[in-house]
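Reproduced below: input_2.pdb, with PDB, C-alpha atoms and all ligand atoms.
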MODEL        1
ATOM      1  CA  MET A   1      48.813 -87.359  28.063  1.00  0.00           C
ATOM      2  CA  ARG A   2      46.720 -89.267  30.593  1.00  0.00           C
ATOM      3  CA  LYS A   3      45.402 -87.226  33.512  1.00  0.00           C
ATOM      4  CA  PRO A   4      46.428 -88.815  36.829  1.00  0.00           C
ATOM      5  CA  VAL A   5      43.820 -90.163  39.247  1.00  0.00           C
ATOM      6  CA  MET A   6      43.793 -90.543  43.016  1.00  0.00           C
ATOM      7  CA  ALA A   7      40.797 -92.553  44.151  1.00  0.00           C
ATOM      8  CA  GLY A   8      39.996 -93.361  47.757  1.00  0.00           C
ATOM      9  CA  ASN A   9      37.993 -96.506  48.451  1.00  0.00           C
ATOM     10  CA  TRP A  10      36.524 -96.066  51.909  1.00  0.00           C
ATOM     11  CA  LYS A  11      35.036 -99.585  51.909  1.00  0.00           C
ATOM     12  CA  MET A  12      32.631-100.015  54.869  1.00  0.00           C
ATOM     13  CA  ASN A  13      33.995 -97.097  56.870  1.00  0.00           C
ATOM     14  CA  LYS A  14      32.716 -93.678  58.030  1.00  0.00           C
ATOM     15  CA  THR A  15      29.334 -92.587  59.272  1.00  0.00           C
ATOM     16  CA  ARG A  16      27.655 -89.622  57.598  1.00  0.00           C
ATOM     17  CA  ASP A  17      29.099 -87.165  60.131  1.00  0.00           C
ATOM     18  CA  GLU A  18      32.608 -88.535  59.754  1.00  0.00           C
ATOM     19  CA  ALA A  19      32.313 -88.382  55.976  1.00  0.00           C
ATOM     20  CA  LEU A  20      31.118 -84.760  55.998  1.00  0.00           C
ATOM     21  CA  GLU A  21      33.934 -83.770  58.330  1.00  0.00           C
ATOM     22  CA  PHE A  22      36.379 -85.298  55.830  1.00  0.00           C
ATOM     23  CA  ILE A  23      34.801 -83.502  52.857  1.00  0.00           C
ATOM     24  CA  TYR A  24      35.036 -80.105  54.565  1.00  0.00           C
ATOM     25  CA  ALA A  25      38.629 -80.791  55.637  1.00  0.00           C
ATOM     26  CA  VAL A  26      39.840 -81.569  52.093  1.00  0.00           C
ATOM     27  CA  SER A  27      37.665 -79.102  50.190  1.00  0.00           C
ATOM     28  CA  ASP A  28      40.167 -76.354  49.332  1.00  0.00           C
ATOM     29  CA  LYS A  29      43.360 -78.408  49.643  1.00  0.00           C
ATOM     30  CA  LEU A  30      43.149 -80.704  46.625  1.00  0.00           C
ATOM     31  CA  PRO A  31      44.873 -80.113  43.268  1.00  0.00           C
ATOM     32  CA  SER A  32      42.694 -78.575  40.557  1.00  0.00           C
ATOM     33  CA  VAL A  33      40.565 -80.844  38.443  1.00  0.00           C
ATOM     34  CA  ASN A  34      42.723 -79.901  35.457  1.00  0.00           C
ATOM     35  CA  GLN A  35      45.701 -81.550  37.108  1.00  0.00           C
ATOM     36  CA  LEU A  36      44.163 -84.570  38.824  1.00  0.00           C
ATOM     37  CA  ASP A  37      40.932 -86.507  39.184  1.00  0.00           C
ATOM     38  CA  SER A  38      40.561 -86.785  42.965  1.00  0.00           C
ATOM     39  CA  ILE A  39      37.809 -89.271  43.766  1.00  0.00           C
ATOM     40  CA  ILE A  40      36.250 -90.612  46.957  1.00  0.00           C
ATOM     41  CA  CYS A  41      34.250 -93.850  46.684  1.00  0.00           C
ATOM     42  CA  ALA A  42      31.978 -93.927  49.696  1.00  0.00           C
ATOM     43  CA  PRO A  43      29.240 -96.167  51.116  1.00  0.00           C
ATOM     44  CA  ALA A  44      25.997 -95.838  49.134  1.00  0.00           C
ATOM     45  CA  ILE A  45      23.916 -94.427  51.966  1.00  0.00           C
ATOM     46  CA  ILE A  46      25.947 -91.199  52.160  1.00  0.00           C
ATOM     47  CA  LEU A  47      26.644 -90.624  48.467  1.00  0.00           C
ATOM     48  CA  ARG A  48      23.972 -87.993  47.952  1.00  0.00           C
ATOM     49  CA  ASP A  49      25.149 -85.993  50.958  1.00  0.00           C
ATOM     50  CA  LEU A  50      28.704 -86.050  49.653  1.00  0.00           C
ATOM     51  CA  VAL A  51      27.742 -85.110  46.098  1.00  0.00           C
ATOM     52  CA  LYS A  52      25.922 -82.026  47.434  1.00  0.00           C
ATOM     53  CA  ARG A  53      29.089 -80.871  49.185  1.00  0.00           C
ATOM     54  CA  GLN A  54      31.852 -82.248  46.977  1.00  0.00           C
ATOM     55  CA  GLY A  55      33.353 -78.949  45.756  1.00  0.00           C
ATOM     56  CA  SER A  56      34.883 -78.473  42.320  1.00  0.00           C
ATOM     57  CA  ASN A  57      38.075 -80.495  42.824  1.00  0.00           C
ATOM     58  CA  LEU A  58      36.595 -83.659  44.276  1.00  0.00           C
ATOM     59  CA  LYS A  59      34.551 -86.302  42.518  1.00  0.00           C
ATOM     60  CA  ILE A  60      32.391 -88.916  44.205  1.00  0.00           C
ATOM     61  CA  GLY A  61      32.030 -92.585  43.365  1.00  0.00           C
ATOM     62  CA  ALA A  62      30.136 -95.627  44.615  1.00  0.00           C
ATOM     63  CA  GLN A  63      31.676 -98.975  45.529  1.00  0.00           C
ATOM     64  CA  ASN A  64      29.227-101.272  43.790  1.00  0.00           C
ATOM     65  CA  VAL A  65      26.124-101.369  41.609  1.00  0.00           C
ATOM     66  CA  HIS A  66      23.753-104.111  40.487  1.00  0.00           C
ATOM     67  CA  PHE A  67      23.483-104.967  36.800  1.00  0.00           C
ATOM     68  CA  ALA A  68      19.701-105.282  36.568  1.00  0.00           C
ATOM     69  CA  GLU A  69      17.419-102.319  35.837  1.00  0.00           C
ATOM     70  CA  SER A  70      15.112-103.255  38.729  1.00  0.00           C
ATOM     71  CA  GLY A  71      13.588-106.321  40.315  1.00  0.00           C
ATOM     72  CA  ALA A  72      13.664-108.819  43.154  1.00  0.00           C
ATOM     73  CA  TYR A  73      17.225-108.252  44.401  1.00  0.00           C
ATOM     74  CA  THR A  74      16.758-107.459  48.077  1.00  0.00           C
ATOM     75  CA  GLY A  75      19.337-105.037  49.395  1.00  0.00           C
ATOM     76  CA  GLU A  76      20.787-104.102  46.002  1.00  0.00           C
ATOM     77  CA  ILE A  77      21.043-100.742  44.217  1.00  0.00           C
ATOM     78  CA  SER A  78      20.287-100.358  40.506  1.00  0.00           C
ATOM     79  CA  PRO A  79      22.364 -98.247  38.129  1.00  0.00           C
ATOM     80  CA  ALA A  80      19.435 -95.831  37.676  1.00  0.00           C
ATOM     81  CA  MET A  81      19.165 -95.340  41.453  1.00  0.00           C
ATOM     82  CA  LEU A  82      22.889 -94.763  41.703  1.00  0.00           C
ATOM     83  CA  SER A  83      22.926 -92.262  38.903  1.00  0.00           C
ATOM     84  CA  THR A  84      20.231 -90.158  40.630  1.00  0.00           C
ATOM     85  CA  THR A  85      22.644 -89.604  43.546  1.00  0.00           C
ATOM     86  CA  GLY A  86      24.826 -87.615  41.143  1.00  0.00           C
ATOM     87  CA  VAL A  87      27.950 -89.769  41.504  1.00  0.00           C
ATOM     88  CA  GLU A  88      30.328 -89.890  38.560  1.00  0.00           C
ATOM     89  CA  TYR A  89      32.218 -93.141  39.229  1.00  0.00           C
ATOM     90  CA  VAL A  90      31.552 -96.654  40.486  1.00  0.00           C
ATOM     91  CA  ILE A  91      34.047 -99.330  41.528  1.00  0.00           C
ATOM     92  CA  ILE A  92      33.230-102.656  39.891  1.00  0.00           C
ATOM     93  CA  GLY A  93      34.633-106.096  40.684  1.00  0.00           C
ATOM     94  CA  HIS A  94      36.710-105.263  43.744  1.00  0.00           C
ATOM     95  CA  SER A  95      38.428-108.427  45.008  1.00  0.00           C
ATOM     96  CA  GLU A  96      36.525-108.169  48.298  1.00  0.00           C
ATOM     97  CA  ARG A  97      33.252-108.305  46.365  1.00  0.00           C
ATOM     98  CA  ARG A  98      34.534-111.208  44.295  1.00  0.00           C
ATOM     99  CA  ALA A  99      35.643-113.063  47.452  1.00  0.00           C
ATOM    100  CA  TYR A 100      32.760-112.321  49.863  1.00  0.00           C
ATOM    101  CA  PHE A 101      29.812-111.646  47.540  1.00  0.00           C
ATOM    102  CA  ASN A 102      30.411-114.163  44.758  1.00  0.00           C
ATOM    103  CA  GLU A 103      31.067-111.664  41.997  1.00  0.00           C
ATOM    104  CA  THR A 104      32.456-113.276  38.872  1.00  0.00           C
ATOM    105  CA  ASP A 105      34.052-112.107  35.652  1.00  0.00           C
ATOM    106  CA  GLU A 106      30.583-112.438  34.085  1.00  0.00           C
ATOM    107  CA  THR A 107      28.791-110.221  36.627  1.00  0.00           C
ATOM    108  CA  VAL A 108      31.646-107.720  36.412  1.00  0.00           C
ATOM    109  CA  ASN A 109      31.046-107.491  32.662  1.00  0.00           C
ATOM    110  CA  LEU A 110      27.275-107.053  33.134  1.00  0.00           C
ATOM    111  CA  LYS A 111      27.838-104.361  35.765  1.00  0.00           C
ATOM    112  CA  ILE A 112      30.228-102.415  33.544  1.00  0.00           C
ATOM    113  CA  LYS A 113      27.660-102.412  30.736  1.00  0.00           C
ATOM    114  CA  ALA A 114      24.857-101.370  33.110  1.00  0.00           C
ATOM    115  CA  ALA A 115      26.956 -98.562  34.598  1.00  0.00           C
ATOM    116  CA  LEU A 116      27.936 -97.190  31.180  1.00  0.00           C
ATOM    117  CA  ALA A 117      24.305 -97.276  30.053  1.00  0.00           C
ATOM    118  CA  HIS A 118      23.540 -94.929  32.963  1.00  0.00           C
ATOM    119  CA  GLN A 119      26.495 -92.572  32.372  1.00  0.00           C
ATOM    120  CA  LEU A 120      28.425 -93.925  35.364  1.00  0.00           C
ATOM    121  CA  LYS A 121      32.184 -94.356  34.881  1.00  0.00           C
ATOM    122  CA  PRO A 122      33.416 -97.775  35.993  1.00  0.00           C
ATOM    123  CA  ILE A 123      36.645 -98.254  37.945  1.00  0.00           C
ATOM    124  CA  VAL A 124      37.204-101.912  37.087  1.00  0.00           C
ATOM    125  CA  CYS A 125      39.325-103.961  39.492  1.00  0.00           C
ATOM    126  CA  CYS A 126      41.512-106.914  38.639  1.00  0.00           C
ATOM    127  CA  GLY A 127      44.463-108.676  40.231  1.00  0.00           C
ATOM    128  CA  GLU A 128      45.888-111.996  41.279  1.00  0.00           C
ATOM    129  CA  SER A 129      46.062-113.851  44.612  1.00  0.00           C
ATOM    130  CA  LEU A 130      49.352-114.665  46.333  1.00  0.00           C
ATOM    131  CA  GLU A 131      49.169-118.277  45.194  1.00  0.00           C
ATOM    132  CA  GLU A 132      48.591-117.185  41.598  1.00  0.00           C
ATOM    133  CA  ARG A 133      51.534-114.775  41.782  1.00  0.00           C
ATOM    134  CA  GLU A 134      53.805-117.453  43.255  1.00  0.00           C
ATOM    135  CA  THR A 135      52.871-119.977  40.582  1.00  0.00           C
ATOM    136  CA  ASN A 136      53.457-117.469  37.767  1.00  0.00           C
ATOM    137  CA  LYS A 137      49.788-117.180  36.868  1.00  0.00           C
ATOM    138  CA  THR A 138      49.521-113.376  37.111  1.00  0.00           C
ATOM    139  CA  HIS A 139      49.332-112.791  33.365  1.00  0.00           C
ATOM    140  CA  GLU A 140      46.877-115.625  32.868  1.00  0.00           C
ATOM    141  CA  VAL A 141      44.582-114.182  35.577  1.00  0.00           C
ATOM    142  CA  LEU A 142      44.775-110.638  34.184  1.00  0.00           C
ATOM    143  CA  ASP A 143      44.150-111.959  30.689  1.00  0.00           C
ATOM    144  CA  ARG A 144      40.975-113.747  31.792  1.00  0.00           C
ATOM    145  CA  GLN A 145      39.686-110.914  33.996  1.00  0.00           C
ATOM    146  CA  ILE A 146      40.298-108.131  31.478  1.00  0.00           C
ATOM    147  CA  SER A 147      39.123-109.940  28.355  1.00  0.00           C
ATOM    148  CA  LYS A 148      35.862-110.948  30.069  1.00  0.00           C
ATOM    149  CA  ALA A 149      35.357-107.573  31.793  1.00  0.00           C
ATOM    150  CA  LEU A 150      35.626-105.726  28.481  1.00  0.00           C
ATOM    151  CA  GLU A 151      33.748-108.264  26.346  1.00  0.00           C
ATOM    152  CA  GLY A 152      31.214-106.465  24.143  1.00  0.00           C
ATOM    153  CA  ILE A 153      32.260-103.001  25.344  1.00  0.00           C
ATOM    154  CA  ASP A 154      32.580-100.501  22.488  1.00  0.00           C
ATOM    155  CA  LYS A 155      35.883 -98.793  21.826  1.00  0.00           C
ATOM    156  CA  GLU A 156      34.139 -95.421  22.283  1.00  0.00           C
ATOM    157  CA  ASP A 157      33.271 -96.327  25.870  1.00  0.00           C
ATOM    158  CA  LEU A 158      36.868 -97.046  26.885  1.00  0.00           C
ATOM    159  CA  SER A 159      37.547 -93.378  27.637  1.00  0.00           C
ATOM    160  CA  ASN A 160      34.949 -93.621  30.429  1.00  0.00           C
ATOM    161  CA  ILE A 161      36.575 -96.677  32.008  1.00  0.00           C
ATOM    162  CA  ILE A 162      39.437 -96.759  34.492  1.00  0.00           C
ATOM    163  CA  ILE A 163      41.183-100.057  35.270  1.00  0.00           C
ATOM    164  CA  ALA A 164      42.664-100.708  38.719  1.00  0.00           C
ATOM    165  CA  TYR A 165      45.303-103.389  39.182  1.00  0.00           C
ATOM    166  CA  GLU A 166      44.997-104.571  42.778  1.00  0.00           C
ATOM    167  CA  PRO A 167      47.007-107.678  43.648  1.00  0.00           C
ATOM    168  CA  ILE A 168      44.987-109.361  46.402  1.00  0.00           C
ATOM    169  CA  TRP A 169      48.077-110.090  48.493  1.00  0.00           C
ATOM    170  CA  ALA A 170      48.857-106.363  48.713  1.00  0.00           C
ATOM    171  CA  ILE A 171      45.405-105.223  49.879  1.00  0.00           C
ATOM    172  CA  GLY A 172      45.242-104.157  53.510  1.00  0.00           C
ATOM    173  CA  THR A 173      48.402-106.121  54.293  1.00  0.00           C
ATOM    174  CA  GLY A 174      50.943-103.304  54.344  1.00  0.00           C
ATOM    175  CA  LYS A 175      52.759-105.283  51.610  1.00  0.00           C
ATOM    176  CA  VAL A 176      52.871-102.860  48.705  1.00  0.00           C
ATOM    177  CA  ALA A 177      53.989-104.358  45.391  1.00  0.00           C
ATOM    178  CA  SER A 178      57.343-102.996  44.310  1.00  0.00           C
ATOM    179  CA  ALA A 179      57.007-100.138  41.852  1.00  0.00           C
ATOM    180  CA  GLU A 180      58.580-102.283  39.113  1.00  0.00           C
ATOM    181  CA  MET A 181      56.235-105.185  39.790  1.00  0.00           C
ATOM    182  CA  ALA A 182      53.167-102.899  39.783  1.00  0.00           C
ATOM    183  CA  ASP A 183      54.347-101.192  36.599  1.00  0.00           C
ATOM    184  CA  GLU A 184      54.963-104.511  34.860  1.00  0.00           C
ATOM    185  CA  ALA A 185      51.409-105.680  35.634  1.00  0.00           C
ATOM    186  CA  CYS A 186      49.854-102.358  34.581  1.00  0.00           C
ATOM    187  CA  GLY A 187      51.935-102.484  31.385  1.00  0.00           C
ATOM    188  CA  TYR A 188      50.662-105.990  30.743  1.00  0.00           C
ATOM    189  CA  ILE A 189      47.061-104.786  31.177  1.00  0.00           C
ATOM    190  CA  ARG A 190      47.802-101.982  28.706  1.00  0.00           C
ATOM    191  CA  SER A 191      49.074-104.549  26.203  1.00  0.00           C
ATOM    192  CA  LEU A 192      45.820-106.509  26.627  1.00  0.00           C
ATOM    193  CA  VAL A 193      43.801-103.384  25.819  1.00  0.00           C
ATOM    194  CA  LYS A 194      46.001-102.850  22.760  1.00  0.00           C
ATOM    195  CA  LYS A 195      45.357-106.421  21.607  1.00  0.00           C
ATOM    196  CA  GLN A 196      41.610-106.298  22.291  1.00  0.00           C
ATOM    197  CA  TYR A 197      41.131-102.758  20.877  1.00  0.00           C
ATOM    198  CA  CYS A 198      43.863-100.578  19.372  1.00  0.00           C
ATOM    199  CA  PRO A 199      47.259 -98.989  20.139  1.00  0.00           C
ATOM    200  CA  ALA A 200      45.687 -95.554  20.733  1.00  0.00           C
ATOM    201  CA  CYS A 201      43.121 -97.107  23.101  1.00  0.00           C
ATOM    202  CA  ALA A 202      45.965 -98.612  25.147  1.00  0.00           C
ATOM    203  CA  GLU A 203      47.759 -95.258  25.233  1.00  0.00           C
ATOM    204  CA  GLU A 204      44.648 -93.456  26.443  1.00  0.00           C
ATOM    205  CA  ILE A 205      43.186 -95.776  29.073  1.00  0.00           C
ATOM    206  CA  ARG A 206      44.020 -94.919  32.663  1.00  0.00           C
ATOM    207  CA  ILE A 207      45.359 -97.748  34.825  1.00  0.00           C
ATOM    208  CA  LEU A 208      45.709 -97.429  38.591  1.00  0.00           C
ATOM    209  CA  TYR A 209      47.615 -99.467  41.139  1.00  0.00           C
ATOM    210  CA  GLY A 210      45.986-100.400  44.445  1.00  0.00           C
ATOM    211  CA  GLY A 211      47.218-102.317  47.480  1.00  0.00           C
ATOM    212  CA  SER A 212      48.707-100.710  50.587  1.00  0.00           C
ATOM    213  CA  VAL A 213      49.446 -97.421  48.793  1.00  0.00           C
ATOM    214  CA  SER A 214      50.655 -94.885  51.351  1.00  0.00           C
ATOM    215  CA  THR A 215      51.995 -91.348  51.413  1.00  0.00           C
ATOM    216  CA  LYS A 216      55.460 -92.969  51.492  1.00  0.00           C
ATOM    217  CA  SER A 217      55.065 -95.252  48.462  1.00  0.00           C
ATOM    218  CA  VAL A 218      52.862 -93.062  46.242  1.00  0.00           C
ATOM    219  CA  SER A 219      55.567 -90.954  44.557  1.00  0.00           C
ATOM    220  CA  GLU A 220      57.611 -93.909  43.371  1.00  0.00           C
ATOM    221  CA  LEU A 221      54.500 -95.682  42.094  1.00  0.00           C
ATOM    222  CA  MET A 222      53.308 -92.556  40.262  1.00  0.00           C
ATOM    223  CA  ALA A 223      56.706 -92.175  38.592  1.00  0.00           C
ATOM    224  CA  GLN A 224      56.226 -95.465  36.715  1.00  0.00           C
ATOM    225  CA  PRO A 225      55.313 -95.108  33.033  1.00  0.00           C
ATOM    226  CA  ASN A 226      52.277 -97.413  33.117  1.00  0.00           C
ATOM    227  CA  ILE A 227      50.770 -96.313  36.431  1.00  0.00           C
ATOM    228  CA  ASP A 228      48.351 -93.392  36.168  1.00  0.00           C
ATOM    229  CA  GLY A 229      47.222 -93.249  39.763  1.00  0.00           C
ATOM    230  CA  GLY A 230      46.159 -95.080  42.876  1.00  0.00           C
ATOM    231  CA  LEU A 231      43.102 -96.806  44.290  1.00  0.00           C
ATOM    232  CA  VAL A 232      43.692 -96.409  47.995  1.00  0.00           C
ATOM    233  CA  GLY A 233      41.926 -97.984  50.955  1.00  0.00           C
ATOM    234  CA  GLY A 234      43.360 -97.371  54.419  1.00  0.00           C
ATOM    235  CA  ALA A 235      45.392 -94.270  53.573  1.00  0.00           C
ATOM    236  CA  SER A 236      42.358 -92.518  52.072  1.00  0.00           C
ATOM    237  CA  LEU A 237      40.411 -92.502  55.341  1.00  0.00           C
ATOM    238  CA  ASN A 238      42.381 -89.714  56.927  1.00  0.00           C
ATOM    239  CA  SER A 239      41.875 -86.280  55.333  1.00  0.00           C
ATOM    240  CA  GLU A 240      45.492 -85.128  55.760  1.00  0.00           C
ATOM    241  CA  SER A 241      46.799 -88.329  54.257  1.00  0.00           C
ATOM    242  CA  PHE A 242      44.361 -88.117  51.310  1.00  0.00           C
ATOM    243  CA  ILE A 243      45.416 -84.513  50.648  1.00  0.00           C
ATOM    244  CA  GLU A 244      49.073 -85.579  50.679  1.00  0.00           C
ATOM    245  CA  LEU A 245      48.397 -88.513  48.326  1.00  0.00           C
ATOM    246  CA  CYS A 246      46.609 -86.199  45.873  1.00  0.00           C
ATOM    247  CA  ASN A 247      49.305 -83.573  45.957  1.00  0.00           C
ATOM    248  CA  LYS A 248      52.054 -86.144  45.476  1.00  0.00           C
ATOM    249  CA  ALA A 249      50.180 -87.632  42.531  1.00  0.00           C
ATOM    250  CA  ILE A 250      50.647 -84.576  40.298  1.00  0.00           C
TER     251      ILE A 250
HETATM  252  P1  LIG B 301      44.497-100.706  51.073  1.00  0.00           P
HETATM  253  O1  LIG B 301      45.034 -99.442  50.475  1.00  0.00           O
HETATM  254  O2  LIG B 301      43.930-100.514  52.429  1.00  0.00           O
HETATM  255  O3  LIG B 301      45.486-101.821  50.968  1.00  0.00           O
HETATM  256  O4  LIG B 301      43.243-101.136  50.156  1.00  0.00           O
HETATM  257  C1  LIG B 301      43.406-101.191  48.794  1.00  0.00           C
HETATM  258  C2  LIG B 301      42.091-101.386  48.157  1.00  0.00           C
HETATM  259  O5  LIG B 301      41.480-102.433  48.250  1.00  0.00           O
HETATM  260  C3  LIG B 301      41.506-100.254  47.420  1.00  0.00           C
HETATM  261  O6  LIG B 301      40.407-100.636  46.676  1.00  0.00           O
ENDMDL
END

I'd like the structure from this file rewritten - as structure tokens, please.
Ligand code: 13P
Amino acid sequence: MRKPVMAGNWKMNKTRDEALEFIYAVSDKLPSVNQLDSIICAPAIILRDLVKRQGSNLKIGAQNVHFAESGAYTGEISPAMLSTTGVEYVIIGHSERRAYFNETDETVNLKIKAALAHQLKPIVCCGESLEERETNKTHEVLDRQISKALEGIDKEDLSNIIIAYEPIWAIGTGKVASAEMADEACGYIRSLVKKQYCPACAEEIRILYGGSVSTKSVSELMAQPNIDGGLVGGASLNSESFIELCNKAI
């Protein structure tokens, strides 16, 4: 069976001191790594500090990586640089990066390949806008995003990839998708993986839901057959709330 995942995406929040306070507060209160992958994706500048203090039940991830090995990309971080921080995961293609930093399905694909080449595990984001949902384009959008994201990725690498379905209209709005709606979309993504790869690949890949997940909504979401965990923004910033999310996820 698929091991559940609870991943916090801190986005551009927390100074180093605030982050360390959080890490110490959660350290002995998270489920064991055999039961759950508990992950915090933090701003790049504090990743190394967090990795040093992460404890055995918490994993650390980044929120972005560049696809090039090195070069004239002012302000960017290469996959080799990221991997020297000791992080295990990296979020790729978050809708905020697509909207504000011009990331495309093509760059998402390049970034996934670059991350895998440096032993970083991608958490690949996809999801439709409100307008796309209302005009029945959700499947079409997921089809395009997933087929391009995974283009040229070997079947053997799929076990190192997590997919996160994050409908844009549910992010930071307090409007969580209904559990049925989230499960339907995650099930559709699973069917795309089956079509592009194989039935066993679809059974094995972990698919998360993200968008206003809270300690109130997490249990119902986790009970859905196609949802293996959450990618959580706001509710992951508070240590007590993150502990509760992780414990409810198992
Ligand atoms: P919220 O949980 O704050 O809606 O953010 C979701 C998200 O974007 C996680 O990547």

Original post:
What would the list of residues within 12 Å of (44.2, -78.3, 42.6) (file frame) look like as a PyMOL selection string, if only C-alpha atoms are what count?
Top reply: chain A and resi 26-38+55-58+243-244+246-250

Counting all atoms listed in the file, which residues of region 192-246 of chain A fall within 9 Å of region 2-21 of chain A, and what is the closest atom pair for each with its distance in Å at one decimal, ordered by chain and rising number, as CSV?
residue,atom,partner,partner_atom,distance
A:Glu203,CA,A:Arg2,CA,8.1
A:Glu204,CA,A:Arg2,CA,6.3
A:Ile205,CA,A:Arg2,CA,7.6
A:Arg206,CA,A:Arg2,CA,6.6
A:Ile207,CA,A:Val5,CA,8.9
A:Leu208,CA,A:Val5,CA,7.5
A:Met222,CA,A:Pro4,CA,8.6
A:Ile227,CA,A:Pro4,CA,8.7
A:Asp228,CA,A:Pro4,CA,5.0
A:Gly229,CA,A:Val5,CA,4.6
A:Gly230,CA,A:Met6,CA,5.1
A:Leu231,CA,A:Ala7,CA,4.8
A:Val232,CA,A:Gly8,CA,4.8
A:Gly233,CA,A:Asn9,CA,4.9
A:Gly234,CA,A:Trp10,CA,7.4
A:Ala235,CA,A:Gly8,CA,8.0
A:Ser236,CA,A:Gly8,CA,5.0
A:Leu237,CA,A:Trp10,CA,6.3
A:Ser239,CA,A:Glu21,CA,8.9
A:Phe242,CA,A:Gly8,CA,7.7
A:Leu245,CA,A:Met6,CA,7.3
A:Cys246,CA,A:Met6,CA,5.9

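Residue neighbourhood of Gly172 (chain A), excluding near-sequence residues (fewer than 3 positions): Ile168, Trp169, Lys175, Gly211, Ser212, Gly233 and Gly234 of chain A, at 9 Å, using only C-alpha atoms.
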
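Across A:Val218, A:Ala149, A:Glu69, A:Ala185, the tightest approach to Thr104 (chain A) is made by A:Ala149 when counting all atoms listed in the file.
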
With 8 Å of padding per side, what axis-aligned box (centre and edge lengths, Å, one decimal) covers all the listed atoms of region 48-61 of chain A? Give it as lines of an AutoDock Vina configuration file.
center_x = 31.0
center_y = -85.5
center_z = 46.6
size_x = 30.1
size_y = 30.1
size_z = 24.6

Original post:
Using all atoms listed in the file, which residue out of A:Thr138, A:Ser219, A:Gln224, A:Gln63 lies closest to ligand LIG 301 (chain B)?
Top reply: A:Gln63

Subject >> From A:Arg190, A:Arg53, A:Lys195, A:Lys113, residue lying nearest Ala25 (chain A) [only C-alpha atoms] >> reply: A:Arg53

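Separating CA of Pro199 (chain A) from CA of Glu180 (chain A) is a distance of 22.3 Å.
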
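Nearest residue to Ile77 (chain A), choosing from A:Gly93, A:Gly187, A:Pro122, A:Pro43 and counting all atoms listed in the file: A:Pro43.
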
Original post:
With distances taken over all atoms listed in the file, which of A:Val51, A:Cys41, A:Leu130, A:Met81 is nearest to Thr173 (chain A)?
Top reply: A:Leu130
